[in-house]
$ cat start_21.txt   # compact mmCIF, C-alpha atoms and all ligand atoms
# COMPACT_ATOMS: atom_id res chain seq x y z
CA MET A 1 -43.90 -201.22 19.72
CA TYR A 2 -45.27 -201.11 23.25
CA SER A 3 -41.95 -201.91 24.89
CA LEU A 4 -40.13 -199.35 22.71
CA ASN A 5 -42.57 -196.64 23.80
CA GLY A 6 -42.11 -197.68 27.43
CA LYS A 7 -38.31 -197.41 27.19
CA PHE A 8 -38.58 -194.02 25.49
CA GLY A 9 -40.94 -192.80 28.21
CA ALA A 10 -38.57 -193.96 30.94
CA LEU A 11 -35.68 -192.20 29.21
CA VAL A 12 -37.63 -188.92 29.01
CA THR A 13 -38.59 -189.19 32.68
CA MET A 14 -34.96 -189.83 33.65
CA MET A 15 -33.80 -186.84 31.63
CA ALA A 16 -36.45 -184.60 33.19
CA LEU A 17 -35.42 -185.74 36.67
CA LEU A 18 -31.75 -185.07 35.95
CA LEU A 19 -32.56 -181.62 34.60
CA ALA A 20 -34.67 -180.82 37.66
CA LEU A 21 -31.81 -181.90 39.95
CA LEU A 22 -29.35 -179.77 38.00
CA TYR A 23 -31.69 -176.76 38.23
CA CYS A 24 -32.08 -177.16 42.00
CA TYR A 25 -28.30 -177.44 42.43
CA ILE A 26 -27.58 -174.31 40.38
CA SER A 27 -30.31 -172.15 41.89
CA LEU A 28 -29.36 -173.12 45.47
CA SER A 29 -25.69 -172.38 44.98
CA PHE A 30 -26.47 -168.90 43.65
CA ARG A 31 -29.08 -167.92 46.21
CA VAL A 32 -27.88 -165.84 49.15
CA VAL A 33 -29.55 -167.17 52.25
CA VAL A 34 -29.11 -164.85 55.21
CA THR A 35 -29.83 -166.64 58.49
CA PHE A 36 -30.91 -164.87 61.67
CA GLU A 37 -27.38 -165.17 63.14
CA GLN A 38 -25.71 -163.87 59.98
CA GLU A 39 -28.16 -160.98 59.80
CA GLN A 40 -27.37 -160.06 63.43
CA ALA A 41 -23.63 -160.35 62.83
CA ILE A 42 -23.84 -158.08 59.80
CA ALA A 43 -25.96 -155.52 61.63
CA ASN A 44 -23.55 -155.54 64.57
CA GLY A 45 -20.60 -154.92 62.30
CA ARG A 46 -18.94 -158.24 63.09
CA SER A 47 -19.15 -159.71 59.61
CA ALA A 48 -19.33 -158.40 56.10
CA GLY A 49 -22.23 -159.64 54.08
CA THR A 50 -25.31 -159.01 52.08
CA VAL A 51 -28.36 -157.35 53.56
CA ARG A 52 -31.44 -157.28 51.38
CA LYS A 53 -32.29 -153.85 50.08
CA ASN A 54 -35.66 -153.05 48.63
CA HIS A 55 -35.97 -149.29 48.69
CA VAL A 56 -37.76 -147.40 46.00
CA PHE A 57 -35.10 -145.26 44.37
CA HIS A 58 -37.27 -144.41 41.40
CA LEU A 59 -38.85 -141.01 42.01
CA VAL A 60 -41.53 -140.05 39.53
CA ALA A 61 -42.77 -136.44 39.50
CA PRO A 62 -46.10 -135.52 37.96
CA ASP A 63 -45.78 -133.81 34.60
CA HIS A 64 -46.45 -130.02 34.45
CA LEU A 65 -45.77 -129.46 38.14
CA MET A 66 -44.60 -125.88 38.60
CA TYR A 67 -42.12 -125.12 41.34
CA LYS A 68 -39.17 -122.89 42.16
CA GLN A 69 -36.06 -123.54 40.11
CA PRO A 70 -33.50 -125.49 42.15
CA SER A 71 -29.93 -124.27 42.45
CA ILE A 72 -26.68 -126.06 43.20
CA VAL A 73 -24.78 -122.88 44.02
CA GLU A 74 -27.22 -121.14 46.32
CA GLY A 75 -28.81 -122.52 49.45
CA ARG A 76 -28.14 -122.95 53.16
CA THR A 77 -24.53 -122.09 53.98
CA ASP A 78 -24.84 -122.03 57.77
CA VAL A 79 -25.29 -125.77 58.15
CA VAL A 80 -23.92 -129.01 56.67
CA THR A 81 -26.52 -130.69 54.47
CA VAL A 82 -24.75 -133.93 53.64
CA THR A 83 -22.75 -136.48 55.66
CA PRO A 84 -19.33 -137.87 54.67
CA TRP A 85 -21.17 -140.99 53.38
CA LEU A 86 -23.38 -138.71 51.29
CA ALA A 87 -26.63 -139.04 53.19
CA PRO A 88 -28.71 -135.84 53.09
CA VAL A 89 -29.20 -133.92 56.32
CA VAL A 90 -32.68 -132.40 56.25
CA TRP A 91 -32.89 -128.73 57.26
CA GLU A 92 -35.52 -126.12 56.50
CA GLY A 93 -34.70 -124.64 53.10
CA THR A 94 -33.08 -127.79 51.66
CA PHE A 95 -36.21 -129.36 50.17
CA ASN A 96 -39.38 -128.50 48.32
CA PRO A 97 -42.36 -129.89 50.27
CA GLU A 98 -44.86 -129.65 47.38
CA LEU A 99 -42.51 -131.45 44.99
CA LEU A 100 -41.77 -134.23 47.50
CA ASP A 101 -45.44 -134.67 48.40
CA SER A 102 -46.46 -134.99 44.78
CA ILE A 103 -43.76 -137.60 44.15
CA TYR A 104 -44.82 -139.70 47.15
CA ARG A 105 -48.56 -139.22 46.60
CA GLN A 106 -48.19 -141.09 43.31
CA GLN A 107 -46.70 -144.01 45.25
CA ASN A 108 -49.72 -144.09 47.60
CA ILE A 109 -47.40 -144.77 50.53
CA SER A 110 -48.54 -145.67 54.04
CA ILE A 111 -46.79 -144.60 57.21
CA ALA A 112 -46.94 -146.09 60.70
CA ALA A 113 -45.88 -144.32 63.88
CA THR A 114 -45.39 -145.93 67.28
CA VAL A 115 -45.77 -144.11 70.55
CA PHE A 116 -45.59 -145.47 74.10
CA ALA A 117 -47.72 -144.00 76.86
CA VAL A 118 -47.16 -146.21 79.89
CA GLY A 119 -48.20 -145.14 83.40
CA LYS A 120 -48.50 -141.39 83.90
CA TYR A 121 -47.10 -140.70 80.43
CA ILE A 122 -50.68 -141.20 79.17
CA MET A 123 -51.17 -137.49 80.03
CA PHE A 124 -49.00 -136.51 77.05
CA LEU A 125 -50.96 -138.52 74.51
CA LYS A 126 -53.78 -136.09 73.71
CA ASP A 127 -51.48 -133.26 72.63
CA PHE A 128 -49.23 -135.70 70.79
CA LEU A 129 -52.11 -137.15 68.76
CA GLU A 130 -53.83 -133.82 68.12
CA THR A 131 -50.67 -132.14 66.89
CA ALA A 132 -49.70 -135.21 64.81
CA GLU A 133 -53.01 -134.83 63.01
CA GLN A 134 -52.11 -131.22 62.20
CA HIS A 135 -48.48 -131.70 61.15
CA PHE A 136 -47.38 -135.33 60.65
CA PHE A 137 -47.68 -136.49 57.02
CA VAL A 138 -50.83 -134.49 56.41
CA GLY A 139 -52.70 -135.84 53.38
CA PHE A 140 -51.10 -139.30 53.60
CA ARG A 141 -52.20 -142.65 54.99
CA VAL A 142 -51.04 -142.73 58.61
CA GLN A 143 -51.68 -145.26 61.36
CA ILE A 144 -50.51 -144.41 64.88
CA PHE A 145 -49.90 -147.39 67.16
CA VAL A 146 -50.32 -146.46 70.82
CA PHE A 147 -48.80 -148.85 73.37
CA THR A 148 -50.20 -148.34 76.85
CA ASP A 149 -51.14 -150.06 80.08
CA ARG A 150 -54.21 -147.79 80.29
CA PRO A 151 -56.14 -148.47 77.07
CA ASN A 152 -59.33 -146.98 78.54
CA GLU A 153 -57.65 -143.61 79.00
CA VAL A 154 -56.56 -143.19 75.38
CA PRO A 155 -58.18 -139.93 74.24
CA LYS A 156 -60.48 -139.95 71.23
CA VAL A 157 -58.97 -137.67 68.61
CA LYS A 158 -60.76 -136.81 65.41
CA MET A 159 -58.67 -137.84 62.42
CA ALA A 160 -58.98 -137.53 58.66
CA ALA A 161 -60.09 -140.46 56.50
CA ASP A 162 -57.21 -142.89 55.89
CA ARG A 163 -55.68 -141.95 59.23
CA GLY A 164 -56.26 -143.67 62.55
CA VAL A 165 -55.08 -144.82 65.95
CA THR A 166 -54.64 -148.46 67.01
CA VAL A 167 -54.25 -149.22 70.72
CA HIS A 168 -52.09 -152.08 72.02
CA ALA A 169 -52.20 -153.01 75.71
CA VAL A 170 -48.76 -153.57 77.26
CA PRO A 171 -47.70 -154.33 80.83
CA SER A 172 -46.19 -151.58 82.95
CA SER A 173 -42.92 -151.83 84.83
CA ASN A 174 -41.65 -150.29 88.03
CA ARG A 175 -38.51 -149.09 86.22
CA TRP A 176 -38.69 -146.41 83.49
CA GLN A 177 -35.50 -147.83 81.98
CA VAL A 178 -37.35 -151.08 81.22
CA ILE A 179 -40.41 -149.28 79.78
CA SER A 180 -38.18 -147.24 77.49
CA ALA A 181 -35.93 -150.12 76.41
CA ARG A 182 -38.74 -152.64 75.78
CA ARG A 183 -39.94 -150.39 72.97
CA MET A 184 -37.46 -152.06 70.59
CA GLU A 185 -38.92 -155.50 71.29
CA LEU A 186 -42.50 -154.28 70.80
CA VAL A 187 -41.62 -152.39 67.61
CA GLN A 188 -39.97 -155.53 66.20
CA GLU A 189 -43.05 -157.61 67.06
CA LEU A 190 -45.45 -155.04 65.63
CA ILE A 191 -43.56 -154.99 62.33
CA GLU A 192 -43.29 -158.77 62.09
CA GLN A 193 -46.87 -159.50 63.13
CA LYS A 194 -48.81 -156.62 61.58
CA LEU A 195 -46.91 -154.32 59.25
CA GLN A 196 -44.58 -156.34 57.03
CA GLY A 197 -45.80 -156.25 53.46
CA LYS A 198 -48.56 -153.75 54.31
CA THR A 199 -46.88 -150.55 55.47
CA ASP A 200 -44.02 -148.75 53.74
CA TYR A 201 -42.43 -146.60 56.44
CA ILE A 202 -42.43 -146.35 60.21
CA PHE A 203 -41.35 -143.73 62.76
CA CYS A 204 -40.90 -144.46 66.47
CA LEU A 205 -41.50 -141.40 68.61
CA ASP A 206 -41.45 -140.29 72.25
CA VAL A 207 -44.87 -139.33 73.61
CA ASP A 208 -43.68 -136.44 75.79
CA SER A 209 -43.49 -134.21 72.76
CA LYS A 210 -45.61 -132.14 70.40
CA PHE A 211 -45.55 -131.32 66.71
CA HIS A 212 -45.31 -127.60 65.90
CA ASN A 213 -44.66 -127.64 62.16
CA ARG A 214 -44.54 -129.95 59.18
CA TRP A 215 -42.95 -133.41 59.50
CA GLY A 216 -43.57 -135.02 56.13
CA THR A 217 -42.23 -136.81 53.06
CA GLU A 218 -38.86 -135.05 53.27
CA SER A 219 -38.12 -137.37 56.21
CA LEU A 220 -38.57 -140.60 54.24
CA GLY A 221 -35.62 -142.86 53.66
CA GLY A 222 -34.16 -146.31 54.23
CA LEU A 223 -32.75 -145.85 57.73
CA VAL A 224 -33.58 -142.44 59.21
CA ALA A 225 -31.92 -140.96 62.30
CA VAL A 226 -32.52 -137.67 64.11
CA ILE A 227 -29.63 -135.61 65.47
CA HIS A 228 -29.97 -135.11 69.23
CA PRO A 229 -30.45 -131.40 70.01
CA GLY A 230 -28.18 -131.53 73.05
CA TYR A 231 -24.81 -132.48 71.56
CA TYR A 232 -24.47 -131.39 67.96
CA TRP A 233 -22.04 -128.57 68.71
CA ASP A 234 -19.84 -130.85 70.84
CA PRO A 235 -16.75 -132.93 70.05
CA ARG A 236 -17.64 -136.62 69.87
CA SER A 237 -15.61 -137.38 72.97
CA ASN A 238 -18.43 -135.62 74.88
CA PHE A 239 -21.21 -137.75 73.41
CA PRO A 240 -22.91 -139.89 76.07
CA TYR A 241 -22.28 -143.17 74.23
CA GLU A 242 -21.89 -146.36 76.25
CA ARG A 243 -18.18 -146.43 77.08
CA ARG A 244 -17.73 -149.86 78.69
CA ALA A 245 -16.15 -152.26 76.20
CA GLN A 246 -18.08 -155.22 77.69
CA SER A 247 -21.39 -153.75 76.54
CA ARG A 248 -22.77 -154.50 73.09
CA ALA A 249 -23.58 -150.77 72.82
CA TYR A 250 -19.91 -149.80 73.21
CA VAL A 251 -18.59 -146.96 71.08
CA ALA A 252 -14.92 -146.19 71.70
CA VAL A 253 -13.51 -142.70 72.20
CA GLY A 254 -12.58 -141.39 68.76
CA GLU A 255 -15.45 -143.30 67.13
CA GLY A 256 -19.02 -142.24 66.31
CA ASP A 257 -20.42 -139.79 63.77
CA PHE A 258 -23.20 -137.93 65.57
CA TYR A 259 -25.23 -138.45 68.71
CA TYR A 260 -28.67 -139.59 67.61
CA CYS A 261 -31.99 -139.45 69.49
CA GLY A 262 -33.66 -142.49 70.95
CA GLY A 263 -36.87 -140.43 70.98
CA ALA A 264 -37.30 -140.34 67.19
CA PHE A 265 -36.05 -142.64 64.45
CA GLY A 266 -37.54 -144.56 61.57
CA GLY A 267 -37.39 -145.41 57.91
CA ASN A 268 -38.35 -148.25 55.67
CA ILE A 269 -40.18 -151.06 57.52
CA GLU A 270 -37.50 -153.68 56.81
CA GLU A 271 -34.63 -151.44 57.94
CA VAL A 272 -36.40 -150.53 61.17
CA ARG A 273 -37.24 -154.19 61.82
CA LEU A 274 -33.54 -155.08 61.59
CA LEU A 275 -32.56 -152.13 63.80
CA ALA A 276 -35.18 -153.01 66.44
CA LYS A 277 -34.31 -156.72 66.37
CA THR A 278 -30.59 -156.02 66.72
CA CYS A 279 -30.95 -153.44 69.50
CA ARG A 280 -33.38 -155.68 71.35
CA SER A 281 -31.17 -158.76 71.24
CA ASN A 282 -28.07 -156.76 72.20
CA PHE A 283 -29.96 -155.14 75.07
CA GLU A 284 -31.13 -158.57 76.29
CA ALA A 285 -27.67 -160.12 75.93
CA ASP A 286 -26.21 -157.22 77.96
CA SER A 287 -28.91 -157.75 80.62
CA ALA A 288 -27.96 -161.43 80.87
CA ASP A 289 -24.40 -160.23 81.60
CA GLY A 290 -25.69 -157.81 84.24
CA LEU A 291 -25.13 -154.75 82.05
CA GLU A 292 -27.46 -151.86 81.21
CA ALA A 293 -26.13 -149.34 78.69
CA ALA A 294 -25.78 -145.71 79.81
CA TRP A 295 -28.90 -144.57 77.93
CA GLN A 296 -30.60 -147.94 77.43
CA GLU A 297 -31.98 -148.39 73.90
CA GLU A 298 -30.64 -144.98 72.82
CA SER A 299 -27.09 -146.26 73.42
CA HIS A 300 -27.80 -149.41 71.39
CA LEU A 301 -29.33 -147.33 68.62
CA ASN A 302 -26.22 -145.14 68.52
CA ARG A 303 -23.95 -148.17 68.28
CA TYR A 304 -26.20 -149.57 65.51
CA MET A 305 -26.12 -146.33 63.50
CA TRP A 306 -22.33 -146.14 63.77
CA ILE A 307 -22.06 -149.44 61.89
CA ASN A 308 -25.22 -149.17 59.78
CA LYS A 309 -25.03 -145.60 58.50
CA PRO A 310 -28.41 -143.90 58.23
CA SER A 311 -29.37 -143.09 54.65
CA LYS A 312 -31.11 -139.90 55.73
CA ILE A 313 -30.47 -137.67 58.73
CA LEU A 314 -33.00 -135.29 60.20
CA SER A 315 -31.64 -132.10 61.75
CA PRO A 316 -32.52 -131.17 65.36
CA GLU A 317 -35.58 -129.36 63.92
CA TYR A 318 -37.12 -132.85 64.15
CA LEU A 319 -36.64 -133.25 67.90
CA TRP A 320 -35.92 -130.09 69.77
CA GLN A 321 -36.45 -129.58 73.52
CA ASP A 322 -38.81 -126.88 74.80
CA PHE A 323 -36.41 -125.93 77.60
CA LYS A 324 -33.63 -125.08 75.14
CA SER A 325 -33.42 -121.63 73.65
CA ARG A 326 -33.54 -121.79 69.87
CA ASN A 327 -30.13 -121.72 68.16
CA ARG A 328 -29.66 -119.52 65.11
CA GLU A 329 -29.47 -122.45 62.65
CA ILE A 330 -32.84 -123.72 63.83
CA GLN A 331 -35.18 -121.80 61.52
CA ILE A 332 -38.18 -123.93 62.40
CA ILE A 333 -39.08 -126.36 65.18
CA ARG A 334 -41.10 -129.29 63.91
CA PHE A 335 -41.27 -131.61 66.92
CA SER A 336 -40.16 -130.80 70.44
CA GLY A 337 -39.98 -132.47 73.84
CA ILE A 338 -42.06 -130.73 76.46
CA VAL A 339 -40.68 -129.72 79.85
CA LYS A 340 -41.59 -132.35 82.43
CA ASN A 341 -40.94 -133.04 86.07
CA TYR A 342 -39.36 -136.50 86.15
CA ALA A 343 -40.16 -137.01 89.84
CA ASP A 344 -43.88 -136.56 89.12
CA ILE A 345 -44.26 -138.89 86.17
CA ARG A 346 -41.68 -141.69 86.26
CA PRO A 347 -42.28 -144.80 88.38
CA ASN A 348 -38.68 -144.53 89.67
CA VAL A 349 -36.22 -141.69 89.48
N1 LIG B 401 -42.20 -144.00 78.69
C1 LIG B 401 -43.47 -144.27 79.18
N2 LIG B 401 -43.67 -144.38 80.52
C2 LIG B 401 -42.65 -144.23 81.43
C3 LIG B 401 -41.36 -143.94 80.94
C4 LIG B 401 -41.18 -143.79 79.57
O1 LIG B 401 -44.42 -144.42 78.41
O2 LIG B 401 -42.90 -144.34 82.64
C5 LIG B 401 -42.00 -143.89 77.23
C6 LIG B 401 -42.59 -142.60 76.67
O3 LIG B 401 -43.00 -142.81 75.33
C7 LIG B 401 -41.39 -141.66 76.71
C8 LIG B 401 -40.26 -142.62 76.33
O4 LIG B 401 -40.61 -143.87 76.93
O5 LIG B 401 -41.55 -140.58 75.83
C9 LIG B 401 -38.85 -142.18 76.75
O6 LIG B 401 -38.83 -141.75 78.10
P1 LIG B 401 -38.62 -140.21 78.47
O7 LIG B 401 -39.38 -139.38 77.51
O8 LIG B 401 -38.95 -140.04 79.92
O9 LIG B 401 -37.07 -140.03 78.24
P2 LIG B 401 -36.34 -138.63 77.93
O10 LIG B 401 -36.86 -138.13 76.60
O11 LIG B 401 -36.67 -137.70 79.05
O12 LIG B 401 -34.89 -139.00 77.87
MN MN B 402 -38.84 -138.01 75.87

$ encode --input "start_21.txt" --output "structure tokens"
Amino acid sequence: MYSLNGKFGALVTMMALLLALLYCYISLSFRVVVTFEQEQAIANGRSAGTVRKNHVFHLVAPDHLMYKQPSIVEGRTDVVTVTPWLAPVVWEGTFNPELLDSIYRQQNISIAATVFAVGKYIMFLKDFLETAEQHFFVGFRVQIFVFTDRPNEVPKVKMAADRGVTVHAVPSSNRWQVISARRMELVQELIEQKLQGKTDYIFCLDVDSKFHNRWGTESLGGLVAVIHPGYYWDPRSNFPYERRAQSRAYVAVGEGDFYYCGGAFGGNIEEVRLLAKTCRSNFEADSADGLEAAWQEESHLNRYMWINKPSKILSPEYLWQDFKSRNREIQIIRFSGIVKNYADIRPNV
């Protein structure tokens, strides 16, 4: 009896082991494992593949919300509101702010913003923070991450509950090109070390600018790019892309959709992490070859967005320039670069 039981037990154990092995084999062969190198290759457009997507496509509106009836035959006719890959282009008059806010309020989203104020650029921070409090995702959870070499000079700005400023000390550089370009590296590190799994969306913004009107939930998306105010009437051959084929930021003549800003971009945390990681490693690989792209990280961002199409595009309302007169299609200016004297504020000119 005893020995029979023993044999039976051994048989069951063997069967269980075999089943476990079979399970491991099947689950491994069906799992898509994307390594760092594969992820980079996909993002750079050198290999087709799978990139994880985890956006919330399910938009739930509160019941009984009253708002203006939408139309599909009336609306803005002076501007294009969708790209050839069917991403919306956000212009004043194309969205309902109350509807969008009530959809996203139910999701209790949190938004991070990064801003760099290195060296004399600290002088722009007070206006940036004060106007962000008035216009940037008002009523939502917002954390602004300030990167500066002068943490003691960060102004104290009164902010609503659930909103705040976190200061990170960073080294300065004697070249503005390095300060500007290192932002990608620091954004990647911030996401990986602090934000992943905790924050939903992030926007990376220039400090030499002010908010003038609403920048809110209409800007949310997977990968979000802002059209540069200086080139959107031009043929793409005029865009200041990096034109040397040796550079990893190269965009050939005849290629490119739009010219996007380096001074404002964002989206879902995971998408921005991949963008920052890719731009940073391409920038560093170029440096090792003795190359610096025409407009540093902005050139790399433009190359990235050519391959990885943004899922939402913000019109130049979202980064205008104070020195430019307002074009007719710009019905509202939401965020705008202030006029500055480069010789006074940059460490090198
Ligand atoms: N920046 C900085 N200190 C510098 C140079 C640049 O903090 O000495 C940061 C700052 O956030 C600035 C951004 O890098 O807004 C981009 O530089 P800048 O605004 O001068 O470029 P532009 O918008 O004029 O092309
Ligand atoms: Mn700027």

$ residues_around --input "start_21.txt" --residues "Glu255 (chain A)" --least-positions-apart "2" --cutoff "9 Å" --atoms "all atoms listed in the file" --output "short mmCIF file (atom, residue, chain, number, x, y, z; two decimals) with C-alpha atoms, in the coordinates of the input"
data_model
loop_
_atom_site.label_atom_id
_atom_site.label_comp_id
_atom_site.auth_asym_id
_atom_site.auth_seq_id
_atom_site.Cartn_x
_atom_site.Cartn_y
_atom_site.Cartn_z
CA ARG A 236 -17.64 -136.62 69.87
CA SER A 237 -15.61 -137.38 72.97
CA VAL A 251 -18.59 -146.96 71.08
CA ALA A 252 -14.92 -146.19 71.70
CA VAL A 253 -13.51 -142.70 72.20
CA ASP A 257 -20.42 -139.79 63.77
CA TRP A 306 -22.33 -146.14 63.77
#

$ closest_residue --input "start_21.txt" --among "A:Leu65, A:Leu186, A:Val224, A:Val79" --to "Val146 (chain A)" --atoms "all atoms listed in the file"
A:Leu186

$ residues_near_ligand --input "start_21.txt" --ligand "ligand MN 402 (chain B)" --cutoff "12 Å" --atoms "only C-alpha atoms and all ligand atoms" --output "PyMOL selection string"
chain A and resi 115-117+121+124+128+176+180+204-210+228+261-264+298+319-322+335-342+345-346

$ atom_distance --input "start_21.txt" --atom1 "CA of His64 (chain A)" --atom2 "CA of Phe137 (chain A)"
23.5 Å

$ closest_residue --input "start_21.txt" --among "A:Ser219, A:Asn327, A:Asn268, A:Ser281" --to "Ala112 (chain A)" --atoms "only C-alpha atoms"
A:Asn268

$ axis_aligned_box --input "start_21.txt" --around "ligand LIG 401 (chain B)" --padding-each-side "4 Å" --output "AutoDock Vina command-line options"
--center_x -39.7 --center_y -141.1 --center_z 79.0 --size_x 17.5 --size_y 14.7 --size_z 15.3

$ residues_near_point --input "start_21.txt" --point "(-47.6, -154.8, 54.4)" --cutoff "12 Å" --atoms "all atoms listed in the file" --output "PyMOL selection string"
chain A and resi 109-112+190-202+268-270

$ atom_distance --input "start_21.txt" --atom1 "CA of Asp344 (chain A)" --atom2 "atom O3 of ligand LIG 401 (chain B)"
15.2 Å

$ closest_residue --input "start_21.txt" --among "A:Trp85, A:Gly230, A:Pro316, A:Asn348" --to "Ser173 (chain A)" --atoms "all atoms listed in the file"
A:Asn348

$ closest_residue --input "start_21.txt" --among "A:Ile122, A:Val165, A:Leu223, A:Leu18" --to "ligand LIG 401 (chain B)" --atoms "all atoms listed in the file"
A:Ile122

$ closest_residue --input "start_21.txt" --among "A:Gln331, A:Gln296, A:Gln143, A:Ser311" --to "ligand LIG 401 (chain B)" --atoms "only C-alpha atoms and all ligand atoms"
A:Gln296

$ closest_residue --input "start_21.txt" --among "A:Ala41, A:Val60, A:Ala343, A:Leu17" --to "ligand LIG 401 (chain B)" --atoms "only C-alpha atoms and all ligand atoms"
A:Ala343

$ atom_distance --input "start_21.txt" --atom1 "atom C3 of ligand LIG 401 (chain B)" --atom2 "CA of Asn152 (chain A)"
18.4 Å

$ residues_around --input "start_21.txt" --residues "Pro88 (chain A)" --least-positions-apart "2" --cutoff "8 Å" --atoms "only C-alpha atoms" --output "PyMOL selection string"
chain A and resi 81-83+86+90+311-313

$ build_atoms --input "start_21.txt" --residues "region 101-107 of chain A" --atoms "all heavy atoms" --output "PDB file, in the coordinates of the input"
ATOM      1  N   ASP A 101     -44.110-134.092  48.164  1.00  0.00           N
ATOM      2  CA  ASP A 101     -45.440-134.670  48.400  1.00  0.00           C
ATOM      3  C   ASP A 101     -46.030-135.211  47.107  1.00  0.00           C
ATOM      4  O   ASP A 101     -46.648-136.281  47.100  1.00  0.00           O
ATOM      5  CB  ASP A 101     -46.384-133.624  49.009  1.00  0.00           C
ATOM      6  CG  ASP A 101     -46.151-133.433  50.498  1.00  0.00           C
ATOM      7  OD1 ASP A 101     -45.284-134.150  51.058  1.00  0.00           O
ATOM      8  OD2 ASP A 101     -46.816-132.570  51.113  1.00  0.00           O
ATOM      9  N   SER A 102     -45.835-134.479  46.008  1.00  0.00           N
ATOM     10  CA  SER A 102     -46.460-134.990  44.780  1.00  0.00           C
ATOM     11  C   SER A 102     -45.752-136.232  44.259  1.00  0.00           C
ATOM     12  O   SER A 102     -46.377-137.089  43.644  1.00  0.00           O
ATOM     13  CB  SER A 102     -46.608-133.912  43.710  1.00  0.00           C
ATOM     14  OG  SER A 102     -45.467-133.132  43.638  1.00  0.00           O
ATOM     15  N   ILE A 103     -44.462-136.361  44.532  1.00  0.00           N
ATOM     16  CA  ILE A 103     -43.760-137.600  44.150  1.00  0.00           C
ATOM     17  C   ILE A 103     -44.304-138.776  44.972  1.00  0.00           C
ATOM     18  O   ILE A 103     -44.650-139.830  44.440  1.00  0.00           O
ATOM     19  CB  ILE A 103     -42.231-137.450  44.384  1.00  0.00           C
ATOM     20  CG1 ILE A 103     -41.635-136.479  43.355  1.00  0.00           C
ATOM     21  CG2 ILE A 103     -41.546-138.812  44.317  1.00  0.00           C
ATOM     22  CD1 ILE A 103     -40.186-136.090  43.614  1.00  0.00           C
ATOM     23  N   TYR A 104     -44.413-138.581  46.287  1.00  0.00           N
ATOM     24  CA  TYR A 104     -44.820-139.700  47.150  1.00  0.00           C
ATOM     25  C   TYR A 104     -46.316-139.985  47.093  1.00  0.00           C
ATOM     26  O   TYR A 104     -46.752-141.090  47.368  1.00  0.00           O
ATOM     27  CB  TYR A 104     -44.337-139.478  48.587  1.00  0.00           C
ATOM     28  CG  TYR A 104     -42.851-139.741  48.704  1.00  0.00           C
ATOM     29  CD1 TYR A 104     -41.933-138.706  48.708  1.00  0.00           C
ATOM     30  CD2 TYR A 104     -42.370-141.045  48.763  1.00  0.00           C
ATOM     31  CE1 TYR A 104     -40.564-138.954  48.772  1.00  0.00           C
ATOM     32  CE2 TYR A 104     -41.012-141.313  48.832  1.00  0.00           C
ATOM     33  CZ  TYR A 104     -40.116-140.257  48.839  1.00  0.00           C
ATOM     34  OH  TYR A 104     -38.770-140.518  48.900  1.00  0.00           O
ATOM     35  N   ARG A 105     -47.117-138.970  46.722  1.00  0.00           N
ATOM     36  CA  ARG A 105     -48.560-139.220  46.600  1.00  0.00           C
ATOM     37  C   ARG A 105     -48.814-140.236  45.499  1.00  0.00           C
ATOM     38  O   ARG A 105     -49.658-141.111  45.628  1.00  0.00           O
ATOM     39  CB  ARG A 105     -49.303-137.902  46.327  1.00  0.00           C
ATOM     40  CG  ARG A 105     -50.808-138.082  46.423  1.00  0.00           C
ATOM     41  CD  ARG A 105     -51.516-136.816  46.847  1.00  0.00           C
ATOM     42  NE  ARG A 105     -51.139-136.344  48.169  1.00  0.00           N
ATOM     43  CZ  ARG A 105     -50.601-135.160  48.425  1.00  0.00           C
ATOM     44  NH1 ARG A 105     -50.358-134.303  47.456  1.00  0.00           N
ATOM     45  NH2 ARG A 105     -50.320-134.817  49.658  1.00  0.00           N
ATOM     46  N   GLN A 106     -48.037-140.145  44.431  1.00  0.00           N
ATOM     47  CA  GLN A 106     -48.190-141.090  43.310  1.00  0.00           C
ATOM     48  C   GLN A 106     -47.871-142.516  43.731  1.00  0.00           C
ATOM     49  O   GLN A 106     -48.313-143.462  43.121  1.00  0.00           O
ATOM     50  CB  GLN A 106     -47.288-140.687  42.145  1.00  0.00           C
ATOM     51  CG  GLN A 106     -47.548-139.300  41.643  1.00  0.00           C
ATOM     52  CD  GLN A 106     -47.128-139.103  40.192  1.00  0.00           C
ATOM     53  OE1 GLN A 106     -47.874-138.556  39.408  1.00  0.00           O
ATOM     54  NE2 GLN A 106     -45.931-139.557  39.839  1.00  0.00           N
ATOM     55  N   GLN A 107     -47.047-142.658  44.769  1.00  0.00           N
ATOM     56  CA  GLN A 107     -46.700-144.010  45.250  1.00  0.00           C
ATOM     57  C   GLN A 107     -47.723-144.538  46.253  1.00  0.00           C
ATOM     58  O   GLN A 107     -47.621-145.689  46.680  1.00  0.00           O
ATOM     59  CB  GLN A 107     -45.308-143.999  45.906  1.00  0.00           C
ATOM     60  CG  GLN A 107     -44.174-143.734  44.945  1.00  0.00           C
ATOM     61  CD  GLN A 107     -42.807-143.796  45.635  1.00  0.00           C
ATOM     62  OE1 GLN A 107     -42.662-144.303  46.742  1.00  0.00           O
ATOM     63  NE2 GLN A 107     -41.797-143.275  44.979  1.00  0.00           N
TER      64      GLN A 107
END
